[in-house]
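Asker: Got a structure for you, model29.txt, holding compact mmCIF, C-alpha atoms and all ligand atoms.
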# COMPACT_ATOMS: atom_id res chain seq x y z
CA MET A 9 -55.11 100.62 -168.52
CA VAL A 10 -55.38 103.66 -170.73
CA PHE A 11 -55.92 107.09 -169.47
CA ILE A 12 -55.77 110.59 -170.72
CA SER A 13 -54.16 113.55 -169.09
CA ALA A 14 -55.31 116.97 -170.22
CA VAL A 15 -53.59 120.17 -169.19
CA ALA A 16 -55.71 123.28 -169.36
CA GLY A 17 -54.94 126.32 -171.49
CA LEU A 18 -56.52 129.45 -173.33
CA ALA A 19 -58.17 130.65 -176.64
CA ALA A 20 -61.41 131.78 -178.25
CA GLN A 21 -63.76 130.56 -180.90
CA GLN A 22 -66.73 130.99 -183.16
CA GLY A 23 -69.61 128.70 -183.76
CA ARG A 24 -73.32 128.44 -184.11
CA ILE A 25 -75.39 128.94 -181.02
CA ASP A 26 -79.07 128.01 -180.90
CA PRO A 27 -80.78 130.81 -178.93
CA ASN A 28 -83.28 128.26 -177.60
CA ALA A 29 -80.70 125.77 -176.43
CA VAL A 30 -80.00 125.10 -172.76
CA PRO A 31 -76.48 125.44 -171.35
CA VAL A 32 -74.79 122.06 -171.28
CA GLU A 33 -75.11 121.72 -167.51
CA LYS A 34 -78.92 121.92 -167.84
CA GLU A 35 -79.12 118.97 -170.21
CA PRO A 36 -80.53 116.14 -168.06
CA GLN A 37 -77.95 113.52 -169.06
CA HIS A 38 -74.94 115.84 -168.76
CA HIS A 39 -73.75 115.58 -165.17
CA MET A 40 -71.33 118.11 -163.74
CA VAL A 41 -68.81 116.07 -161.78
CA PHE A 42 -66.01 118.52 -161.08
CA SER A 43 -65.29 122.22 -161.39
CA ASN A 44 -62.76 124.78 -160.28
CA ASP A 45 -61.54 128.14 -161.61
CA PHE A 46 -59.95 126.50 -164.62
CA ILE A 47 -61.97 123.52 -165.76
CA ARG A 48 -65.40 121.96 -165.52
CA VAL A 49 -65.90 118.27 -166.13
CA VAL A 50 -69.17 116.94 -167.49
CA ASP A 51 -70.02 113.24 -167.50
CA ALA A 52 -72.44 112.79 -170.40
CA ARG A 53 -74.27 109.46 -170.22
CA LEU A 54 -76.85 108.88 -172.95
CA PRO A 55 -78.88 105.67 -172.72
CA PRO A 56 -79.79 103.84 -175.94
CA GLY A 57 -82.54 105.71 -177.77
CA TYR A 58 -81.95 108.96 -175.90
CA THR A 59 -81.94 112.28 -177.72
CA THR A 60 -80.47 115.23 -175.87
CA LEU A 61 -82.03 118.62 -175.57
CA SER A 62 -80.46 121.19 -177.82
CA HIS A 63 -77.62 122.36 -175.63
CA THR A 64 -74.77 124.84 -175.88
CA HIS A 65 -71.10 124.25 -175.26
CA ALA A 66 -69.87 127.76 -174.49
CA ASP A 67 -66.30 126.85 -173.62
CA ASP A 68 -63.54 125.06 -175.46
CA SER A 69 -63.50 121.43 -174.44
CA VAL A 70 -61.94 118.02 -174.83
CA ALA A 71 -64.44 115.17 -175.17
CA ILE A 72 -63.15 111.71 -174.30
CA THR A 73 -65.16 108.73 -175.52
CA ILE A 74 -65.73 106.23 -172.73
CA SER A 75 -68.54 104.25 -174.37
CA PRO A 76 -69.47 104.69 -178.05
CA GLY A 77 -73.13 103.60 -178.01
CA ARG A 78 -72.56 100.58 -180.25
CA GLU A 79 -70.48 97.45 -180.02
CA ASP A 80 -69.34 96.99 -183.59
CA ALA A 81 -65.62 97.16 -184.23
CA ALA A 82 -65.67 100.64 -185.77
CA ALA A 83 -67.53 102.07 -182.79
CA MET A 84 -65.40 100.28 -180.23
CA ALA A 85 -62.29 101.69 -181.89
CA ARG A 86 -63.48 105.13 -180.81
CA ILE A 87 -63.15 104.31 -177.12
CA GLY A 88 -60.53 106.58 -175.67
CA ARG A 89 -60.65 109.09 -178.48
CA ALA A 90 -59.97 112.55 -177.08
CA GLY A 91 -61.16 115.32 -179.38
CA PHE A 92 -60.68 119.04 -178.87
CA SER A 93 -63.59 121.34 -179.83
CA GLU A 94 -63.70 125.10 -179.80
CA GLY A 95 -66.59 126.41 -177.74
CA GLY A 96 -69.55 128.46 -178.92
CA TYR A 97 -71.88 125.92 -180.52
CA SER A 98 -75.14 124.15 -179.81
CA HIS A 99 -76.09 120.66 -180.87
CA ILE A 100 -78.40 117.72 -180.34
CA VAL A 101 -76.97 114.23 -179.88
CA THR A 102 -78.93 111.01 -180.35
CA ASN A 103 -77.75 107.64 -179.15
CA ALA A 104 -79.11 105.41 -181.90
CA GLY A 105 -77.09 102.45 -180.65
CA THR A 106 -77.72 99.58 -178.28
CA ILE A 107 -75.41 100.41 -175.38
CA GLU A 108 -74.76 103.53 -173.36
CA MET A 109 -73.02 106.43 -175.04
CA ARG A 110 -70.71 108.10 -172.58
CA PHE A 111 -68.29 111.01 -172.86
CA ILE A 112 -66.19 112.79 -170.30
CA VAL A 113 -66.16 116.42 -171.45
CA VAL A 114 -63.40 118.56 -169.99
CA GLU A 115 -64.29 122.22 -170.44
CA LEU A 116 -61.38 124.66 -170.48
CA LEU A 117 -62.72 127.78 -168.81
CA SER A 118 -61.79 131.20 -170.13
CA GLY A 119 -59.48 131.98 -167.22
CA SER A 120 -57.33 128.93 -167.74
CA GLU A 121 -53.95 129.01 -169.39
CA LYS A 122 -51.97 126.17 -170.72
CA SER A 123 -48.83 125.43 -168.79
CA THR A 124 -45.83 127.05 -170.44
CA ALA A 125 -43.62 124.18 -169.40
CA ALA A 126 -42.18 122.23 -172.29
CA ALA A 127 -43.87 118.98 -173.11
CA PHE A 128 -41.08 117.07 -171.48
CA LEU A 129 -43.45 114.35 -170.41
CA ASP A 130 -43.57 113.00 -173.92
CA GLY A 131 -42.02 109.56 -173.87
CA PRO A 132 -42.80 105.89 -173.78
CA THR A 133 -45.59 106.16 -171.23
CA HIS A 134 -46.86 109.72 -171.72
CA ARG A 135 -47.43 110.08 -175.42
CA LEU A 136 -48.27 113.65 -176.45
CA GLU A 137 -51.32 113.22 -178.63
CA THR A 138 -52.66 116.74 -179.14
CA GLU A 139 -51.26 120.14 -178.43
CA ASN A 140 -52.77 123.49 -179.35
CA ASP A 141 -53.07 126.95 -177.80
CA ARG A 142 -55.43 125.66 -175.14
CA VAL A 143 -54.46 122.22 -174.09
CA ARG A 144 -51.98 119.37 -174.13
CA ILE A 145 -53.38 115.86 -174.22
CA TYR A 146 -51.27 112.87 -173.32
CA ARG A 147 -52.22 109.25 -173.70
CA ILE A 148 -50.87 106.84 -171.11
CA LYS A 149 -50.93 103.09 -171.66
CA LEU A 150 -49.83 100.56 -169.12
CA ALA A 151 -49.79 96.82 -169.40
CA PRO A 152 -51.18 94.83 -166.46
CA SER A 153 -48.81 95.17 -163.49
CA GLU A 154 -46.77 97.85 -165.27
CA SER A 155 -46.15 101.09 -163.34
CA LEU A 156 -45.46 104.58 -164.55
CA PRO A 157 -41.82 105.46 -164.14
CA ALA A 158 -41.00 108.35 -161.84
CA HIS A 159 -41.91 111.62 -163.50
CA GLN A 160 -43.09 115.10 -162.66
CA HIS A 161 -45.80 117.39 -163.96
CA ASN A 162 -45.05 121.11 -163.74
CA GLY A 163 -48.67 122.23 -163.71
CA ALA A 164 -52.17 121.18 -162.88
CA PHE A 165 -53.66 118.32 -164.81
CA LEU A 166 -56.70 116.15 -165.01
CA ALA A 167 -56.41 112.42 -165.63
CA VAL A 168 -59.35 110.49 -167.10
CA THR A 169 -59.33 106.73 -166.99
CA VAL A 170 -60.50 105.18 -170.24
CA SER A 171 -60.09 101.46 -169.71
CA GLY A 172 -58.53 98.92 -167.45
CA GLY A 173 -58.03 99.24 -163.74
CA ALA A 174 -60.81 97.42 -161.99
CA GLY A 175 -62.00 95.64 -165.11
CA PRO A 176 -61.71 91.89 -165.52
CA GLU A 177 -58.47 92.33 -167.42
CA ALA A 178 -56.92 93.72 -164.27
CA SER A 179 -57.45 90.55 -162.30
CA SER A 180 -54.24 89.07 -163.61
CA GLY A 181 -51.56 90.78 -161.65
CA ILE A 182 -52.31 94.42 -161.00
CA THR A 183 -51.74 95.39 -157.42
CA THR A 184 -54.79 96.18 -155.37
CA GLU A 185 -53.66 99.25 -153.53
CA PRO A 186 -56.47 101.77 -153.19
CA PRO A 187 -56.85 104.53 -155.75
CA THR A 188 -55.74 107.14 -153.30
CA ALA A 189 -53.22 106.51 -155.86
CA PHE A 190 -50.33 108.82 -155.56
CA ASN A 191 -47.18 108.48 -153.60
CA PRO A 192 -45.51 111.92 -153.58
CA ASP A 193 -42.17 110.49 -152.61
CA ARG A 194 -41.95 108.04 -155.42
CA ARG A 195 -44.09 110.06 -157.83
CA LEU A 196 -45.96 106.99 -158.88
CA TRP A 197 -49.61 106.61 -159.62
CA ARG A 198 -51.08 103.41 -158.40
CA LEU A 199 -53.42 102.47 -161.14
CA SER A 200 -55.38 99.60 -159.70
CA ASN A 201 -59.05 100.06 -158.94
CA TRP A 202 -59.45 102.67 -161.61
CA SER A 203 -62.55 102.29 -163.68
CA PRO A 204 -63.54 103.90 -166.97
CA GLY A 205 -64.59 107.50 -166.53
CA LYS A 206 -62.80 107.91 -163.25
CA LEU A 207 -61.06 111.26 -162.73
CA ALA A 208 -58.08 112.54 -160.84
CA TYR A 209 -57.21 116.21 -160.66
CA SER A 210 -53.83 117.47 -159.58
CA LYS A 211 -53.61 121.11 -158.64
CA ASN A 212 -49.87 121.53 -158.49
CA GLY A 213 -48.67 118.65 -160.56
CA ILE A 214 -47.64 116.66 -157.52
CA SER A 215 -50.48 115.21 -155.52
CA PRO A 216 -54.03 114.92 -156.81
CA GLU A 217 -56.48 116.99 -154.85
CA ILE A 218 -59.53 115.18 -156.01
CA ILE A 219 -60.15 111.70 -157.13
CA THR A 220 -63.72 111.11 -157.96
CA GLU A 221 -65.90 108.44 -159.39
CA LYS A 222 -69.32 109.51 -160.53
CA GLY A 223 -72.35 108.37 -162.34
CA GLU A 224 -72.02 104.66 -161.64
ZN ZN B 301 -72.98 118.25 -176.32
Output the file's structure as structure tokens, nothing else.
Ligand SMILES: [Zn+2]
Answerer:
Amino acid sequence: MVFISAVAGLAAQQGRIDPNAVPVEKEPQHHMVFSNDFIRVVDARLPPGYTTLSHTHADDSVAITISPGREDAAAMARIGRAGFSEGGYSHIVTNAGTIEMRFIVVELLSGSEKSTAAAFLDGPTHRLETENDRVRIYRIKLAPSESLPAHQHNGAFLAVTVSGGAGPEASSGITTEPPTAFNPDRRLWRLSNWSPGKLAYSKNGISPEIITEKGE
């Protein structure tokens, strides 16, 4: 089980915008799966051979690789990569590979501000991977049957599952409690039945408001 927790924040940016490009949400393989005042989440699923329309990413974003399009070792090593991009650019993406190319793109809307709380979550399970003016990205890795220790988030966050959970590797010992997932008393996520690309959003840092699974 690996998943990524991104905490929204604020900044601006330059880039190259194609005046003929469509906004990202109009690109047919970019599916809007969640939005609120602070973030929008796009599930981009490009089949082999697919070339996107020229599309514009107006907002800063974090793109998390769920499936890299190819199965060679170098491509597979990119699974779970979480890259921050400043908004204000257009591009065209081609999946020249043999398997689906899939990204979860977390857009940080202009009204969002990064939590001012210190990055106290950094530790053995929440590893702070990226921090800038806009966002903090933690990587969480759990072995089968391992649980997150009790901990608290001070602000809203989005969690994106990268691997594990319901996959075959989970059949050896992970509990099968439903992914309603969060016990506010014990502050534990129950991580079984999570599949790659699955999202959980927590508004106040305590209990997730939305847990969604899209695009399957
Ligand atoms: Zn794009």
Asker: Which chains and residue numbers are within 7 Å of ligand ZN 301 (chain B), counting all atoms listed in the file, if I want them as a PyMOL selection string?
Answerer: chain A and resi 32+63-65+99-101
Asker: If you measure from atom CA of A:Glu139 to atom CA of A:Ala164, what distance in Å do you get, rounded to one decimal?
Answerer: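 Going from atom CA of A:Glu139 over to atom CA of A:Ala164 covers 15.6 Å.
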Asker: Box for stretch 115-118 of chain A - axis-aligned, 4 Å on each of the six sides, all listed atoms - centre and size in Å to one decimal, as JSON.
Answerer:
{"center_x": -62.8, "center_y": 126.7, "center_z": -169.6, "size_x": 10.9, "size_y": 17.0, "size_z": 9.7}
Asker: At what distance in Å, to one decimal, does atom CA of A:Ser62 lie from atom CA of A:Lys34?
Answerer: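 These atoms are spaced 10.1 Å apart.
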Asker: Between A:Leu116, A:Leu61, A:Ile107, A:Ala83, single out the one closest to A:Val30, counting all atoms listed in the file.
Answerer: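 Nearest to A:Val30: A:Leu61.
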Asker: Quick one: of A:Ser171, A:Asn28, A:Ser118, A:Ser69, who's nearest to A:Ile145, counting all atoms listed in the file?
Answerer: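 Between A:Ser171, A:Asn28, A:Ser118, A:Ser69, the residue approaching A:Ile145 most closely is A:Ser69.
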Asker: Grab the atom CA of A:Glu94 to atom CA of A:Val49 distance for me, in Å with one decimal place.
Answerer: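 Separation of atom CA of A:Glu94 and atom CA of A:Val49: 15.4 Å.
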Asker: Here is a test: counting all atoms listed in the file, which residue of A:Ser98, A:Ser75, A:Ser120, A:Ser93 is nearest to A:Pro56?
Answerer: A:Ser75
Asker: Counting only C-alpha atoms, which of A:Ile74, A:Leu136, A:Ala151, A:Val143 gets nearest to A:Arg86?
Answerer: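 Selected residue with least distance to A:Arg86: A:Ile74.
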Asker: List the spatial neighbours of A:Met40 as a VMD selection string - criterion: any atom at most 10 Å away, only C-alpha atoms, same-chain residues fewer than 2 positions off excluded.
Answerer: chain A and resid 32 to 34 37 to 38 42 to 43 48 to 52 112 to 113 222 to 223
Asker: Taking into account all atoms listed in the file, which residue in the set A:Val114, A:Asn140, A:Tyr97, A:Gly105 is nearest to A:Leu207?
Answerer: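 With all atoms listed in the file as the atom set, the closest residue is A:Val114.
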Asker: Give the answer as one residue: which of A:Gly163, A:Gly96, A:Gly91, A:Gly119 has the shortest atom-to-atom distance to A:Asp26, using all atoms listed in the file?
Answerer: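 The shortest atom-to-atom distance to A:Asp26 comes from A:Gly96.
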Asker: Neighbours of A:Tyr58 within 9 Å (all atoms listed in the file; same-chain residues fewer than 6 positions away dropped), as a count of residues only?
Answerer: 4
